[in-house]
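Here's data29.txt, which has compact mmCIF, C-alpha atoms:
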# COMPACT_ATOMS: atom_id res chain seq x y z
CA MET A 873 29.18 40.79 -26.70
CA GLU A 874 26.11 40.53 -28.95
CA ARG A 875 23.16 38.60 -27.57
CA ILE A 876 21.06 36.47 -29.94
CA LEU A 877 17.74 34.74 -29.22
CA VAL A 878 16.69 31.73 -31.30
CA VAL A 879 12.99 30.88 -31.16
CA ASP A 880 12.02 27.57 -32.80
CA ASP A 881 10.15 24.46 -31.72
CA GLU A 882 12.52 22.15 -33.70
CA ILE A 883 15.52 21.03 -31.66
CA ASN A 884 17.67 20.35 -34.75
CA ILE A 885 17.23 23.97 -35.90
CA VAL A 886 18.37 25.27 -32.54
CA GLU A 887 21.38 22.93 -32.70
CA SER A 888 22.25 24.30 -36.16
CA PHE A 889 22.40 27.76 -34.71
CA ASN A 890 24.61 26.58 -31.87
CA MET A 891 27.03 24.96 -34.37
CA VAL A 892 27.43 28.26 -36.21
CA LEU A 893 27.56 30.52 -33.17
CA ASN A 894 29.52 28.43 -30.65
CA ASP A 895 32.87 29.42 -32.06
CA LYS A 896 31.93 33.08 -32.23
CA ASP A 897 31.79 35.67 -29.50
CA PHE A 898 27.98 35.65 -29.05
CA GLU A 899 25.70 35.04 -26.10
CA ILE A 900 22.96 32.64 -27.23
CA ASP A 901 19.52 32.17 -25.67
CA THR A 902 16.88 29.75 -26.95
CA SER A 903 13.11 29.36 -26.70
CA TYR A 904 10.84 26.62 -28.03
CA ASP A 905 7.59 28.60 -28.08
CA GLY A 906 6.39 32.19 -28.53
CA LEU A 907 5.16 32.80 -25.00
CA ASP A 908 8.51 31.86 -23.46
CA ALA A 909 10.28 34.01 -26.08
CA LEU A 910 8.20 37.08 -25.21
CA LYS A 911 8.98 36.57 -21.54
CA LYS A 912 12.73 36.52 -22.27
CA ILE A 913 12.53 39.55 -24.59
CA ARG A 914 10.95 41.57 -21.79
CA GLN A 915 13.71 40.50 -19.37
CA LYS A 916 16.80 40.95 -21.58
CA ASP A 917 18.09 43.14 -24.39
CA TYR A 918 18.75 41.22 -27.62
CA ASP A 919 20.77 42.39 -30.62
CA LEU A 920 19.13 39.85 -32.94
CA ILE A 921 16.15 37.49 -32.80
CA PHE A 922 15.54 34.48 -35.05
CA LEU A 923 11.82 33.66 -34.96
CA ASP A 924 10.13 30.60 -36.45
CA ILE A 925 6.72 31.19 -38.01
CA LYS A 926 5.09 27.78 -37.33
CA MET A 927 5.08 27.13 -33.59
CA PRO A 928 2.65 25.79 -30.96
CA LYS A 929 0.66 28.09 -28.63
CA MET A 930 1.40 31.24 -30.65
CA ASP A 931 2.68 31.46 -34.22
CA GLY A 932 5.64 33.60 -35.23
CA ILE A 933 3.61 36.36 -36.87
CA GLU A 934 1.67 36.90 -33.64
CA VAL A 935 4.92 36.92 -31.65
CA LEU A 936 6.43 39.42 -34.13
CA GLU A 937 3.45 41.75 -33.63
CA LYS A 938 3.90 41.57 -29.85
CA ILE A 939 7.66 42.22 -30.19
CA MET A 940 7.04 45.32 -32.34
CA GLU A 941 4.51 46.63 -29.81
CA PHE A 942 7.13 46.21 -27.10
CA ASN A 943 10.14 47.54 -29.06
CA LYS A 944 9.95 48.28 -32.78
CA ASP A 945 13.76 48.70 -32.92
CA LEU A 946 14.46 45.00 -32.31
CA ILE A 947 16.00 43.18 -35.29
CA VAL A 948 13.99 40.06 -36.14
CA ILE A 949 14.68 37.46 -38.84
CA MET A 950 11.74 35.15 -39.54
CA ILE A 951 12.31 31.41 -40.18
CA SER A 952 9.96 29.12 -42.11
CA GLY A 953 10.00 25.75 -43.82
CA HIS A 954 6.88 26.59 -45.80
CA ALA A 955 7.83 30.04 -47.02
CA THR A 956 5.83 31.91 -49.62
CA ILE A 957 6.30 35.37 -51.07
CA GLU A 958 3.09 36.46 -49.32
CA THR A 959 4.43 35.28 -45.95
CA ALA A 960 7.73 37.11 -46.43
CA VAL A 961 5.97 40.32 -47.47
CA GLU A 962 3.58 40.11 -44.51
CA SER A 963 6.51 39.61 -42.11
CA THR A 964 8.46 42.61 -43.40
CA LYS A 965 5.34 44.77 -43.32
CA LYS A 966 4.91 43.88 -39.66
CA GLY A 967 8.50 44.84 -38.84
CA ALA A 968 10.75 41.85 -39.59
CA TYR A 969 14.21 42.70 -40.93
CA ASP A 970 14.72 39.60 -43.07
CA PHE A 971 13.48 36.10 -43.90
CA LEU A 972 15.30 32.73 -43.69
CA GLN A 973 13.90 29.66 -45.40
CA LYS A 974 14.39 26.10 -44.13
CA PRO A 975 16.49 24.15 -44.89
CA PHE A 976 19.35 26.62 -44.85
CA GLY A 977 23.09 26.22 -45.13
CA LEU A 978 25.49 27.26 -42.38
CA ASP A 979 27.19 29.75 -44.70
CA GLU A 980 23.83 31.35 -45.48
CA LEU A 981 23.05 31.59 -41.77
CA ASP A 982 26.45 33.16 -41.09
CA ILE A 983 25.86 35.83 -43.77
CA LYS A 984 22.36 36.59 -42.42
CA ILE A 985 23.76 37.14 -38.93
CA LYS A 986 26.60 39.37 -40.12
CA ASN A 987 24.26 41.50 -42.25
CA ALA A 988 21.67 41.81 -39.47
CA LEU A 989 24.21 42.85 -36.82
CA LYS A 990 25.80 45.31 -39.25
CA TYR A 991 22.33 46.76 -39.91
CA LYS A 992 21.69 47.03 -36.17
CA LYS A 993 24.93 48.94 -35.63
CA SER A 994 24.06 51.42 -38.36
CA LYS A 995 20.53 51.74 -36.98
CA ASP A 996 21.85 52.35 -33.46
CA ALA A 997 24.27 54.97 -34.82
CA PHE A 998 21.44 56.70 -36.65
CA LYS A 999 19.28 56.63 -33.51
CA LYS A 1000 22.12 58.19 -31.49
CA LEU A 1001 22.61 60.85 -34.18
CA LYS A 1002 18.88 61.60 -34.13
CA GLU A 1003 18.98 62.01 -30.34
CA GLU A 1004 21.93 64.40 -30.71
CA VAL A 1005 20.03 66.40 -33.33
CA LEU A 1006 17.00 66.56 -31.06
CA GLN A 1007 19.20 67.86 -28.25
CA SER A 1008 20.73 70.47 -30.57
CA ILE A 1009 17.26 71.80 -31.45
CA GLU A 1010 15.92 71.49 -27.93
CA ILE A 1011 13.14 73.91 -27.06
CA ILE A 1012 14.39 75.80 -24.01
CA GLY A 1013 12.08 77.32 -21.42
CA VAL A 1014 10.26 76.77 -18.14
CA SER A 1015 7.09 78.79 -18.79
CA GLN A 1016 3.63 77.27 -18.88
CA GLN A 1017 3.27 78.44 -22.50
CA ILE A 1018 6.41 76.68 -23.71
CA ASN A 1019 5.51 73.53 -21.77
CA LYS A 1020 2.21 73.55 -23.65
CA VAL A 1021 4.10 73.78 -26.97
CA ARG A 1022 6.18 70.73 -25.97
CA GLU A 1023 3.02 68.80 -25.07
CA LEU A 1024 1.43 69.57 -28.44
CA ILE A 1025 4.58 68.50 -30.30
CA GLN A 1026 4.48 65.16 -28.52
CA LYS A 1027 0.74 64.83 -29.12
CA TYR A 1028 0.80 65.75 -32.81
CA SER A 1029 4.04 64.09 -33.95
CA ASN A 1030 2.42 60.81 -34.97
CA LEU A 1031 -1.00 62.16 -35.94
CA ASP A 1032 -0.91 62.13 -39.74
CA PHE A 1033 -2.65 65.49 -40.22
CA ASN A 1034 -1.52 68.89 -41.47
CA VAL A 1035 -0.05 71.15 -38.78
CA LEU A 1036 -0.01 74.96 -38.79
CA ILE A 1037 2.65 76.59 -36.59
CA THR A 1038 2.06 80.28 -35.83
CA GLY A 1039 4.20 82.84 -34.06
CA GLU A 1040 6.14 86.03 -34.53
CA SER A 1041 9.50 86.06 -36.31
CA GLY A 1042 12.23 84.57 -34.16
CA THR A 1043 9.98 82.56 -31.82
CA GLY A 1044 11.26 79.17 -33.08
CA LYS A 1045 8.71 77.90 -35.61
CA MET A 1046 11.40 75.99 -37.53
CA LEU A 1047 12.54 74.23 -34.33
CA VAL A 1048 8.98 73.13 -33.58
CA ALA A 1049 8.54 71.76 -37.12
CA LYS A 1050 11.81 69.80 -36.87
CA GLN A 1051 10.81 68.41 -33.48
CA ILE A 1052 7.46 67.21 -34.87
CA HIS A 1053 9.31 65.41 -37.68
CA LEU A 1054 12.09 63.88 -35.56
CA LYS A 1055 9.67 62.60 -32.92
CA SER A 1056 7.44 60.98 -35.57
CA THR A 1057 7.60 57.61 -37.33
CA ARG A 1058 8.63 59.55 -40.45
CA SER A 1059 11.96 60.54 -38.92
CA ASP A 1060 13.89 58.02 -41.02
CA PHE A 1061 12.79 59.95 -44.12
CA PRO A 1062 13.80 63.48 -45.21
CA PHE A 1063 12.67 66.75 -43.65
CA ILE A 1064 12.24 69.18 -46.55
CA THR A 1065 11.92 72.95 -46.08
CA ILE A 1066 10.28 75.08 -48.76
CA ASN A 1067 10.83 78.83 -48.52
CA CYS A 1068 7.48 80.23 -49.63
CA ALA A 1069 9.00 83.69 -50.18
CA ILE A 1070 10.80 82.43 -53.30
CA LEU A 1071 7.86 80.46 -54.77
CA ASP A 1072 6.00 82.22 -57.56
CA ASP A 1073 3.92 81.37 -60.64
CA LYS A 1074 7.05 80.91 -62.76
CA ASN A 1075 9.05 78.50 -60.58
CA VAL A 1076 6.44 76.67 -58.50
CA ASP A 1077 6.20 73.65 -60.83
CA LYS A 1078 9.96 73.25 -61.01
CA GLU A 1079 10.49 73.73 -57.25
CA LEU A 1080 7.65 71.50 -56.03
CA PHE A 1081 6.68 69.00 -58.71
CA GLY A 1082 9.75 68.67 -60.92
CA VAL A 1083 10.21 68.95 -64.67
CA TYR A 1084 11.01 66.42 -67.41
CA GLU A 1085 12.02 67.60 -70.87
CA ASN A 1086 12.96 65.36 -73.82
CA ASN A 1087 12.96 62.29 -71.55
CA ARG A 1088 15.49 63.99 -69.29
CA LEU A 1089 15.07 65.04 -65.66
CA ILE A 1090 15.52 68.81 -65.42
CA SER A 1091 14.36 69.19 -61.81
CA LYS A 1092 13.24 66.45 -59.42
CA GLY A 1093 11.02 68.70 -57.28
CA LYS A 1094 10.98 68.91 -53.50
CA LEU A 1095 7.81 66.85 -53.11
CA HIS A 1096 9.71 63.97 -54.76
CA ASP A 1097 12.67 64.49 -52.42
CA ALA A 1098 10.45 64.28 -49.34
CA GLU A 1099 9.48 60.65 -50.02
CA GLU A 1100 7.53 59.59 -46.89
CA GLY A 1101 9.03 62.33 -44.73
CA SER A 1102 7.77 65.79 -43.78
CA VAL A 1103 7.51 68.97 -45.85
CA LEU A 1104 7.57 72.37 -44.13
CA PHE A 1105 6.09 75.27 -46.09
CA ASP A 1106 7.90 78.07 -44.27
CA GLU A 1107 5.91 81.33 -44.03
CA ILE A 1108 2.96 80.06 -46.07
CA SER A 1109 1.37 83.55 -46.09
CA ASN A 1110 4.02 84.69 -48.61
CA LEU A 1111 2.44 82.59 -51.38
CA SER A 1112 0.48 84.35 -54.10
CA VAL A 1113 -3.19 83.44 -54.48
CA GLU A 1114 -2.36 81.62 -57.74
CA VAL A 1115 0.27 79.41 -56.07
CA GLN A 1116 -2.11 78.86 -53.15
CA SER A 1117 -4.61 77.37 -55.62
CA LYS A 1118 -2.02 74.87 -56.90
CA LEU A 1119 -1.05 73.88 -53.38
CA LEU A 1120 -4.70 73.46 -52.36
CA LYS A 1121 -5.24 71.00 -55.23
CA VAL A 1122 -2.23 68.93 -54.15
CA ILE A 1123 -3.36 68.85 -50.51
CA GLU A 1124 -6.91 67.83 -51.44
CA GLU A 1125 -6.01 65.15 -53.99
CA ARG A 1126 -2.81 63.88 -52.31
CA LYS A 1127 -1.19 63.57 -55.74
CA PHE A 1128 0.56 65.79 -58.26
CA ASN A 1129 1.83 65.91 -61.84
CA THR A 1130 5.41 66.38 -62.96
CA ALA A 1131 5.68 68.45 -66.12
CA GLY A 1132 6.66 66.18 -69.02
CA LEU A 1133 5.24 63.01 -67.46
CA SER A 1134 1.71 61.73 -68.11
CA SER A 1135 1.21 59.70 -64.91
CA GLU A 1136 0.24 61.23 -61.56
CA ILE A 1137 2.41 60.69 -58.49
CA ASP A 1138 0.87 59.79 -55.14
CA LEU A 1139 1.89 62.06 -52.29
CA LYS A 1140 3.19 60.16 -49.26
CA SER A 1141 4.72 62.98 -47.21
CA ARG A 1142 3.18 64.96 -44.36
CA PHE A 1143 2.68 68.72 -44.56
CA ILE A 1144 3.66 71.24 -41.89
CA PHE A 1145 3.08 74.98 -42.38
CA SER A 1146 4.36 78.06 -40.56
CA THR A 1147 3.43 81.73 -40.61
CA ASN A 1148 4.17 84.93 -38.69
CA GLN A 1149 1.09 86.62 -40.16
CA ASP A 1150 -2.55 86.83 -39.11
CA ILE A 1151 -3.99 84.62 -41.86
CA GLU A 1152 -7.60 85.36 -40.93
CA ALA A 1153 -6.90 89.07 -41.50
CA LEU A 1154 -5.30 88.19 -44.85
CA ILE A 1155 -8.45 86.26 -45.79
CA GLU A 1156 -10.55 89.36 -45.10
CA GLU A 1157 -8.24 91.31 -47.43
CA ASN A 1158 -8.55 88.59 -50.14
CA GLN A 1159 -4.83 87.85 -49.88
CA PHE A 1160 -5.25 84.28 -48.64
CA ARG A 1161 -7.71 81.58 -49.64
CA ALA A 1162 -10.11 80.61 -46.87
CA ASP A 1163 -10.40 77.03 -48.18
CA LEU A 1164 -6.62 76.61 -48.09
CA PHE A 1165 -6.51 77.97 -44.53
CA HIS A 1166 -9.06 75.37 -43.40
CA ARG A 1167 -6.99 72.62 -45.06
CA ILE A 1168 -3.70 73.59 -43.42
CA ASN A 1169 -5.14 74.48 -40.02
CA VAL A 1170 -6.18 70.95 -38.99
CA LEU A 1171 -3.80 70.89 -36.02
CA SER A 1172 -2.24 74.12 -34.76
CA ILE A 1173 0.57 75.20 -32.45
CA ASN A 1174 1.03 78.83 -31.47
CA ILE A 1175 4.38 79.92 -30.05
CA PRO A 1176 3.93 82.95 -27.78
CA PRO A 1177 6.35 85.88 -28.13
CA LEU A 1178 9.22 86.10 -25.66
CA ARG A 1179 7.76 89.25 -24.03
CA GLU A 1180 4.81 87.10 -22.81
CA ARG A 1181 7.04 84.45 -21.22
CA THR A 1182 9.90 86.41 -19.67
CA GLU A 1183 10.61 83.58 -17.19
CA ASP A 1184 12.17 81.76 -20.17
CA ILE A 1185 14.84 84.46 -20.63
CA PRO A 1186 17.23 83.22 -17.84
CA PRO A 1187 17.35 79.56 -19.04
CA LEU A 1188 17.62 80.68 -22.67
CA THR A 1189 20.47 83.02 -21.75
CA GLU A 1190 22.33 80.23 -19.92
CA TYR A 1191 21.77 77.88 -22.88
CA PHE A 1192 23.10 80.36 -25.46
CA ILE A 1193 26.16 81.14 -23.32
CA LYS A 1194 27.02 77.43 -23.19
CA GLN A 1195 26.39 77.05 -26.93
CA VAL A 1196 28.76 79.90 -27.82
CA SER A 1197 31.36 78.65 -25.35
CA ILE A 1198 31.38 75.13 -26.86
CA LEU A 1199 31.16 76.28 -30.48
CA TYR A 1200 34.01 78.79 -30.29
CA ASN A 1201 35.98 77.12 -27.49
CA ILE A 1202 35.90 80.19 -25.26
CA ARG A 1203 35.35 80.59 -21.53
CA GLU A 1204 31.76 80.73 -20.28
CA LYS A 1205 30.52 83.98 -18.78
CA THR A 1206 27.92 84.62 -16.11
CA LEU A 1207 25.36 87.40 -15.75
CA THR A 1208 24.68 89.29 -12.55
CA ASN A 1209 21.12 89.46 -11.23
CA ASN A 1210 20.95 93.09 -12.37
CA ALA A 1211 21.99 92.04 -15.88
CA LEU A 1212 19.32 89.35 -16.01
CA GLU A 1213 16.69 91.80 -14.76
CA LYS A 1214 17.69 94.19 -17.51
CA LEU A 1215 17.29 91.45 -20.13
CA ILE A 1216 13.90 90.51 -18.69
CA GLY A 1217 12.83 94.14 -19.03
CA PHE A 1218 13.58 94.26 -22.78
CA ARG A 1219 10.73 93.71 -25.22
CA PHE A 1220 12.73 91.69 -27.79
CA PRO A 1221 10.64 92.24 -30.94
CA GLY A 1222 12.94 89.70 -32.63
CA ASN A 1223 12.10 87.23 -29.86
CA VAL A 1224 14.44 84.29 -29.10
CA ARG A 1225 16.54 84.98 -32.20
CA GLU A 1226 17.21 88.54 -31.02
CA LEU A 1227 18.13 87.34 -27.51
CA LYS A 1228 20.52 84.78 -29.02
CA ASN A 1229 22.21 87.44 -31.15
CA LEU A 1230 22.55 89.74 -28.13
CA ILE A 1231 24.13 86.99 -25.98
CA GLU A 1232 26.57 86.10 -28.76
CA ARG A 1233 27.58 89.75 -29.05
CA LEU A 1234 28.10 90.05 -25.29
CA MET A 1235 30.24 86.91 -25.21
CA PHE A 1236 32.69 88.46 -27.67
CA THR A 1237 32.58 92.14 -26.71
CA VAL A 1238 32.65 91.95 -22.91
CA GLU A 1239 36.14 91.07 -21.70
CA LYS A 1240 35.12 90.33 -18.12
CA SER A 1241 33.96 86.88 -16.99
CA VAL A 1242 30.90 88.44 -15.30
CA ILE A 1243 28.49 90.55 -17.37
CA ASP A 1244 26.72 93.37 -15.51
CA ALA A 1245 23.71 95.48 -16.45
CA ASP A 1246 25.91 98.36 -17.63
CA ASP A 1247 27.49 96.04 -20.22
CA ILE A 1248 24.15 95.42 -21.91
CA SER A 1249 22.64 97.77 -24.45
CA ILE A 1250 20.35 97.49 -27.42
CA PRO A 1251 21.85 99.05 -30.59
CA ASP A 1252 20.57 102.56 -31.35
CA THR A 1253 18.07 103.10 -34.15
CA ARG A 1254 16.96 106.22 -35.99
CA HIS A 1255 13.97 106.36 -33.62
CA THR A 1256 16.22 106.63 -30.54
CA LYS A 1257 18.07 109.41 -32.38
CA TYR A 1258 14.75 111.21 -33.04
CA PHE A 1259 13.78 110.85 -29.37
CA SER A 1260 17.15 112.17 -28.22
CA GLU A 1261 16.72 115.24 -30.44
CA LEU A 1262 13.18 115.68 -29.14
CA LEU A 1263 14.45 116.08 -25.57
CA ASN A 1264 16.38 119.21 -26.61
CA LYS A 1265 13.59 120.86 -28.58
CA ASN A 1266 11.78 123.94 -27.37
CA MET A 1267 8.18 122.73 -26.97
CA THR A 1268 5.26 122.48 -24.58
CA LEU A 1269 4.48 119.37 -22.55
CA ASN A 1270 1.51 118.58 -24.79
CA GLU A 1271 3.64 118.90 -27.94
CA PHE A 1272 6.31 116.65 -26.40
CA GLN A 1273 3.71 114.04 -25.45
CA ASN A 1274 2.30 113.96 -28.97
CA GLU A 1275 5.69 113.87 -30.70
CA SER A 1276 7.12 111.22 -28.38
CA GLU A 1277 3.99 109.07 -28.78
CA LYS A 1278 4.33 109.29 -32.56
CA ILE A 1279 8.01 108.28 -32.43
CA PHE A 1280 7.15 105.39 -30.14
CA LEU A 1281 4.40 104.18 -32.50
CA LEU A 1282 6.74 104.40 -35.50
CA LYS A 1283 9.38 102.41 -33.59
CA MET A 1284 6.90 99.70 -32.62
CA LEU A 1285 5.45 99.45 -36.13
CA ASN A 1286 8.96 99.22 -37.55
CA ASP A 1287 9.97 96.53 -35.02
CA TYR A 1288 7.00 94.37 -36.02
CA LYS A 1289 7.31 95.13 -39.76
CA TYR A 1290 3.96 96.98 -39.73
CA ASN A 1291 2.11 93.83 -38.68
CA ILE A 1292 -0.91 95.49 -37.07
CA LYS A 1293 -1.95 92.52 -34.94
CA GLN A 1294 1.53 91.93 -33.50
CA THR A 1295 2.11 95.64 -32.90
CA ALA A 1296 -1.24 96.02 -31.15
CA ASP A 1297 -0.54 92.92 -29.05
CA ALA A 1298 2.86 94.29 -28.03
CA LEU A 1299 1.24 97.64 -27.11
CA LYS A 1300 -1.60 95.80 -25.33
CA ILE A 1301 -4.26 97.78 -27.19
CA GLN A 1302 -7.01 96.87 -29.65
CA ARG A 1303 -6.22 96.96 -33.36
CA SER A 1304 -8.96 99.55 -33.83
CA HIS A 1305 -7.21 101.81 -31.28
CA LEU A 1306 -3.88 101.40 -33.11
CA TYR A 1307 -5.52 102.37 -36.41
CA LYS A 1308 -6.96 105.50 -34.75
CA LEU A 1309 -3.53 106.49 -33.42
CA MET A 1310 -1.97 105.93 -36.85
CA ASN A 1311 -4.67 108.09 -38.39
CA LYS A 1312 -4.14 110.75 -35.71
CA TYR A 1313 -0.41 110.99 -36.48
CA GLN A 1314 -0.86 110.42 -40.22
CA ILE A 1315 1.16 107.20 -40.23
CA PRO A 1316 0.22 105.19 -43.34
CA LEU A 1317 0.74 101.47 -43.84
CA PRO A 1318 3.63 100.77 -46.27
CA SER A 1319 1.15 99.63 -48.95
CA LYS A 1320 -0.87 102.87 -48.65
CA LYS A 1321 2.31 104.92 -48.65
CA ALA A 1322 3.41 103.24 -51.90
CA GLU A 1323 0.03 104.01 -53.50
CA ASN A 1324 0.37 107.69 -52.67
CA ASP A 1325 3.99 108.01 -53.85
Please, can you express the file's structure as structure tokens?
Amino acid sequence: MERILVVDDEINIVESFNMVLNDKDFEIDTSYDGLDALKKIRQKDYDLIFLDIKMPKMDGIEVLEKIMEFNKDLIVIMISGHATIETAVESTKKGAYDFLQKPFGLDELDIKIKNALKYKKSKDAFKKLKEEVLQSIEIIGVSQQINKVRELIQKYSNLDFNVLITGESGTGKMLVAKQIHLKSTRSDFPFITINCAILDDKNVDKELFGVYENNRLISKGKLHDAEEGSVLFDEISNLSVEVQSKLLKVIEERKFNTAGLSSEIDLKSRFIFSTNQDIEALIEENQFRADLFHRINVLSINIPPLRERTEDIPPLTEYFIKQVSILYNIREKTLTNNALEKLIGFRFPGNVRELKNLIERLMFTVEKSVIDADDISIPDTRHTKYFSELLNKNMTLNEFQNESEKIFLLKMLNDYKYNIKQTADALKIQRSHLYKLMNKYQIPLPSKKAEND
């Protein structure tokens, strides 16, 4: 049964409501002043509130402000016998759903109630869907590092500044960006993802700003689609310096031009950026603009690699097992302590994504209901083949040490896509030391190799 509160200091207005609602399946409460209404709102849950603007002690606009502070999801229809356009606009800006002008007919009142309750049902359904989406992109982990990430998401979600999310591939940068959006006041608007790897000088205008030709819309542009929502520039370090310049101008001016239109368009969306690269190193190499970095790095969240928070592996494993079981309607499996210890001992260069893929594979390839350590293996690579061959070669201990170290370095560099910072971090050595080892074994960076070919 829906519960409706009518707040008005005129007895005849309250009686009009009772005439309309008595024959319907509603629970009706009434108040004759704002203070009493606020007391009732704090004590009960209401599906709809009718609120008069002109009342003693506290006017309706003040009461509306207090209601929105308490619960911005409440549906409020303002009532006034001296309505103006300015009053109606002010009410809706402050959170009112609709406006009812005195005197009103009973049919009009009936329609207002039906529309408001229908709106509330759709709003409640959307809120439930949003909660389900949040659960589906839940950030799993018990480590201090991941708890810090959760705290920063909560802290930054409603701060209207640019956010830079950093972390290795597979750590969950997309999940963090979605959480920031869904926990913010912008969550009713779109979340738009822009893959920076496909943006170049030729398509950037079409992809971001849109194109009009001969009075016809060719491409709307993703910044249009975002409206007042959030825009994620995924892997921002992939942008060319030329495209970076265009983006910097948009961020600074908070407006942009659509090709074929003369007027500028104000930007209302919020920007979130992600990268798996060391942008400061890219700045030193003149591959990334320092001024753009300072613009996007207002607020920052770093997601540590999985190897630095191994206590998160057991809960992540349990979560992925349940996900696969529900998604494919198959029986859940459990891991022995030895199996979990083996997982904890892996480095997982692909981070959470790699662990997820491994668990999915185990769920379908292991027939038993209990997975043991012997059931778990990382797929072989050419480097493991090289190392296996090395064990059977006729060589001295010193030669074996050098050759095996070189193979290990090549494997690590390959795992981290020749990202020097991430490789050095995984090896727990300084970047300068890694460069020396690469020089010792004549291992060039891919860019240097291409220059010499």
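Between atom CA of Glu1157 of chain A and atom CA of Lys1078 of chain A the separation is 29.0 Å.
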Could you name the residues that touch Gly1217 of chain A at 9 Å or less, counting all atoms listed in the file, but leaving out those on the same chain fewer than 4 positions away, as a ChimeraX atom specification? /A:1179,1182,1212-1213
Distance query segment 884-894 of chain A at most 8 Å, all atoms listed in the file, self and fewer than 5 positions along chain excluded, as a list in words: Val878, Val879, Ile900, Thr902, Leu978, Leu981 and Asp982 of chain A
Limited to C-alpha atoms, could you put the picked residues into a file as a PDB file, in the frame of the given file?
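Heads up, here's the output in selection_23.pdb:
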ATOM      1  CA  VAL A 878      16.690  31.730 -31.300  1.00  0.00           C
ATOM      2  CA  VAL A 879      12.990  30.880 -31.160  1.00  0.00           C
ATOM      3  CA  ILE A 900      22.960  32.640 -27.230  1.00  0.00           C
ATOM      4  CA  THR A 902      16.880  29.750 -26.950  1.00  0.00           C
ATOM      5  CA  LEU A 978      25.490  27.260 -42.380  1.00  0.00           C
ATOM      6  CA  LEU A 981      23.050  31.590 -41.770  1.00  0.00           C
ATOM      7  CA  ASP A 982      26.450  33.160 -41.090  1.00  0.00           C
TER       8      ASP A 982
END
Choose the residue, out of A:Lys938, A:Lys1308, A:Lys1240, A:Arg1167, that has the smallest atom-to-atom separation from Lys1121 of chain A; count all atoms listed in the file. A:Arg1167
So that I can see what lies close to Leu1071 of chain A, please list as a PDB file with C-alpha atoms, keeping the file's coordinate frame the residues with an atom at most 12 Å from it, counting all atoms listed in the file and leaving out residues fewer than 2 positions away in the same chain.
ATOM      1  CA  ILE A1066      10.280  75.080 -48.760  1.00  0.00           C
ATOM      2  CA  ASN A1067      10.830  78.830 -48.520  1.00  0.00           C
ATOM      3  CA  CYS A1068       7.480  80.230 -49.630  1.00  0.00           C
ATOM      4  CA  ALA A1069       9.000  83.690 -50.180  1.00  0.00           C
ATOM      5  CA  ASP A1073       3.920  81.370 -60.640  1.00  0.00           C
ATOM      6  CA  LYS A1074       7.050  80.910 -62.760  1.00  0.00           C
ATOM      7  CA  ASN A1075       9.050  78.500 -60.580  1.00  0.00           C
ATOM      8  CA  VAL A1076       6.440  76.670 -58.500  1.00  0.00           C
ATOM      9  CA  ASP A1077       6.200  73.650 -60.830  1.00  0.00           C
ATOM     10  CA  LYS A1078       9.960  73.250 -61.010  1.00  0.00           C
ATOM     11  CA  GLU A1079      10.490  73.730 -57.250  1.00  0.00           C
ATOM     12  CA  LEU A1080       7.650  71.500 -56.030  1.00  0.00           C
ATOM     13  CA  PHE A1105       6.090  75.270 -46.090  1.00  0.00           C
ATOM     14  CA  ASP A1106       7.900  78.070 -44.270  1.00  0.00           C
ATOM     15  CA  GLU A1107       5.910  81.330 -44.030  1.00  0.00           C
ATOM     16  CA  ILE A1108       2.960  80.060 -46.070  1.00  0.00           C
ATOM     17  CA  SER A1109       1.370  83.550 -46.090  1.00  0.00           C
ATOM     18  CA  ASN A1110       4.020  84.690 -48.610  1.00  0.00           C
ATOM     19  CA  LEU A1111       2.440  82.590 -51.380  1.00  0.00           C
ATOM     20  CA  SER A1112       0.480  84.350 -54.100  1.00  0.00           C
ATOM     21  CA  VAL A1113      -3.190  83.440 -54.480  1.00  0.00           C
ATOM     22  CA  GLU A1114      -2.360  81.620 -57.740  1.00  0.00           C
ATOM     23  CA  VAL A1115       0.270  79.410 -56.070  1.00  0.00           C
ATOM     24  CA  GLN A1116      -2.110  78.860 -53.150  1.00  0.00           C
ATOM     25  CA  LYS A1118      -2.020  74.870 -56.900  1.00  0.00           C
ATOM     26  CA  LEU A1119      -1.050  73.880 -53.380  1.00  0.00           C
TER      27      LEU A1119
END
Gap from atom CA of Ser1091 of chain A to atom CA of Arg1126 of chain A - Å, one decimal: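 Going from atom CA of Ser1091 of chain A over to atom CA of Arg1126 of chain A covers 20.3 Å.
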Residues at most 7 Å from Ile1193 of chain A, counting only C-alpha atoms, excluding those fewer than 4 positions away in the same chain, as a PyMOL selection string? chain A and resi 1189+1197+1204-1205+1231
Between atom CA of Pro928 of chain A and atom CA of Gly906 of chain A - distance in Å to one decimal: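 If I compute the distance from atom CA of Gly906 of chain A to atom CA of Pro928 of chain A, I get 7.8 Å.
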If we count all atoms listed in the file, what is near Val1048 of chain A at a cut-off of 9 Å, once residues fewer than 2 positions away on the same chain are taken out, given as an MDAnalysis selection string? chainID A and resid 1009 1011 1021:1022 1025 1037 1044:1046 1050:1053 1173 1175
Among the residues A:Met1310, A:Gly1013, A:Lys912, A:Gln1149, the one that comes closest to Glu1190 of chain A [using only C-alpha atoms]: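 Ranking A:Met1310, A:Gly1013, A:Lys912, A:Gln1149 by distance to Glu1190 of chain A, first place goes to A:Gly1013.
Here the question is which of A:Lys992, A:Thr1130, A:Leu1120, A:Leu1285 gets nearest to Ile1090 of chain A using only C-alpha atoms, and that residue is A:Thr1130.
Across A:Arg1233, A:Lys896, A:Lys911, A:Lys1283, the tightest approach to Arg1254 of chain A is made by A:Lys1283 when counting all atoms listed in the file.
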